[in-house]
Structures are given as C-alpha cells and as structure tokens.
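Enquirer: Below are the structure tokens for one structure; questions will follow.
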Amino acid sequence: MRDTSSTQRGTWDVELQDREALDVVADVALCVVEVEGPVEKEVIYTGVRLAWGLGRAGQVVRDRIGRALRRLLKQGKIVHVGTAYDRPGHETEFARTPTERCARRVAEVPVAERQLVLRNVVDEGPGVHREAARFFGWARLGADIREVLTGDIDALIAAGALIESDGGLMPVEGP
C-alpha cells in the first residue's frame, strides 16, 4: 500500500517522519483500518511503521500517524468506536481468535470484539471472564484483563444487552 500510494502521489522516497508523508501515512492507516477494523491505535501504529520497515514507533512517528488519523476522521473515512477505529457503518459480527502469527494483548482487542464474546459466553454460567480470556488466547486472567472485561460487562448491562440477576448474568431474550 505504501508503494502504491507513494507512486500515485509522486513521493516515492518520502520517509514517514517527513511532512510530505502525511497523505501516504493516511493511506496506509486507512488500509489498516479497512482490513483490521475495528482496530486499536497501537495496531495501526504497528501496521504503518512496518510499511516503512521501522522497528519501533517513536514519538515523531506516533505524532505523524495521529495527525493522519485525525485527518481521516475529519474526512469521514474512519470513525471512532470506543477507543478503536473502524469504517463508517461497519458492524462487528465476529471476534477474531488469535493465530500463531497474530496474538493480541488485551489493549489491542477492540471493545466491540470483547463485548461480542462476552455476550456469546454469558449463558455458559460462571467463569465468563475466564471463558472470554480463553477465547482471545490469554493464558492467565490477570488484573488488567479482569478489569477490562468487567468494564465491558458493566457497559453491556447498562446498554440492556445483558441482565444481572441473583443467578448471575443472563442474555436478553430476543423478540
């Protein structure tokens, strides 16, 4: 994507940190969102920096990508969904399980995916946190994961997608 965008824009030798790179950075970031969305900012950083062959994303690189994301938001090409970025009108219909080449930390899994899994495992009874963690390939249920999933459950209850009763969590019955 970087090569195609650079060629189309006549900026072949542009470096990610260069001011002239903003359009190309935006094109690459948009491509990451279109393929991965919903996607957290850290994953976008990784996709863009890898397009330039960079080992890490320092502050200058993060700033450049942040500017590109703000431009894409302003243009309406992407939207915020919680803390993640996605295509306008896209609805999350499935959650991605980890693969050998792609394991994600809890901060890299968008709220929409976590909540989808929680809704699907809630009728399993006790152990909702553990089942959701197992789905995403997280071997241990640390405080960070438990805290994020508890927040997701609270949001689902507040939105009316789950019901909390004496017997635990229950899915909302369909019409």
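Please note that chains go A, B, ... in the order of the structure tokens, that every chain numbers its residues from 1, and that ligands are numbered from 1 in the order shown.
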Taking the backbone alone, and naming residues the way the document does, which bits of stretch 49-152 of chain A are strand (DSSP E or B) by DSSP, as a list in words?

Expert: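 Written out, the strand (DSSP E or B) residues of stretch 49-152 of chain A are Val79, His80, Val81, Ala84, Tyr85 and Asp86 of chain A.
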
Enquirer: Could you jot down the atom CA of A:Gly37 to atom CA of A:Asp86 separation for me, Å, one decimal place?

Expert: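 According to the coordinates, atom CA of A:Gly37 and atom CA of A:Asp86 are separated by 4.7 Å.
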
Enquirer: Of the candidates A:Ile157, A:Ala68, A:Val121, A:Val39, which shows the shortest atom-to-atom distance to A:Asp23, using only C-alpha atoms?

Expert: A:Ala68

Enquirer: Run DSSP on the backbone of this structure and report the residues of stretch 8-158 of chain A it assigns to helix (DSSP H, G or I), as a VMD selection string.

Expert: chain A and resid 8 to 9 19 to 36 41 to 51 59 to 75 106 to 108 111 to 124 128 to 135 143 to 158

Enquirer: Could you check how far atom CA of A:Val60 sits from atom CA of A:Gln17, in Å to one decimal?

Expert: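 Value for the atom CA of A:Val60-atom CA of A:Gln17 distance: 6.5 Å.
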
Enquirer: Could you state the separation of atom CA of A:Val111 and atom CA of A:Ile78 in Å, given to one decimal place?

Expert: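 Distance between the two atoms: 16.5 Å.
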
Enquirer: Would you pick out the contacts of A:Tyr85 at 10 Å or less, using only C-alpha atoms, so that residues sharing its chain but fewer than 5 positions from it are not included, and give the list as number ranges by chain?

Expert: A: 30, 32-34, 36-41, 44, 69, 73, 78-80, 110

Enquirer: Check the smallest atom-to-atom distance from each of A:Val128, A:Lys77, A:Arg64, A:Arg140 to A:Gly168 using only C-alpha atoms, then report the winner.

Expert: A:Val128

Enquirer: Identify, on the basis of only C-alpha atoms, every residue whose closest approach to A:His129 does not exceed 10 Å; exclude the query and any residue fewer than 6 positions from it along the same chain; express the result as a PyMOL selection string.

Expert: chain A and resi 118+121-122+135+141+145-150+153

Enquirer: Between A:Ala84, A:Ala112, A:Ala133, A:Ala26, which one has atoms that come closest to A:Ala155, using only C-alpha atoms?

Expert: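 Smallest separation from A:Ala155 among the options: A:Ala112.
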
Enquirer: Near A:Val25, within 8 Å and counting only C-alpha atoms, which residues show up once chain neighbours fewer than 3 positions away are dropped, as a PyMOL selection string?

Expert: chain A and resi 2+16+21-22+28-29+48+64-65+68

Enquirer: Write to file, as a compact mmCIF listing (two decimals), in the first residue's frame, the residues of the selection just made, with C-alpha atoms.

Expert:
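Saved to selection_37.txt:
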# COMPACT_ATOMS: atom_id res chain seq x y z
CA ARG A 2 2.81 2.41 0.82
CA LEU A 16 7.36 8.50 7.44
CA ALA A 21 4.41 11.90 4.01
CA LEU A 22 1.11 12.74 5.71
CA VAL A 28 -1.61 3.24 4.84
CA ALA A 29 -3.52 3.87 8.11
CA VAL A 48 2.16 1.85 9.45
CA ARG A 64 2.59 11.70 12.33
CA ILE A 65 0.21 8.73 12.47
CA ALA A 68 -3.14 11.16 9.71

Enquirer: Could you give me, as JSON, numbers by chain, the residues within 12 Å of A:Leu156, counting only C-alpha atoms and dropping anything in the same chain fewer than 3 positions from it?

Expert: {"A": [111, 112, 114, 115, 116, 117, 118, 119, 120, 122, 149, 150, 151, 152, 153, 159, 160, 161, 162, 163, 164, 169, 170, 171, 172]}
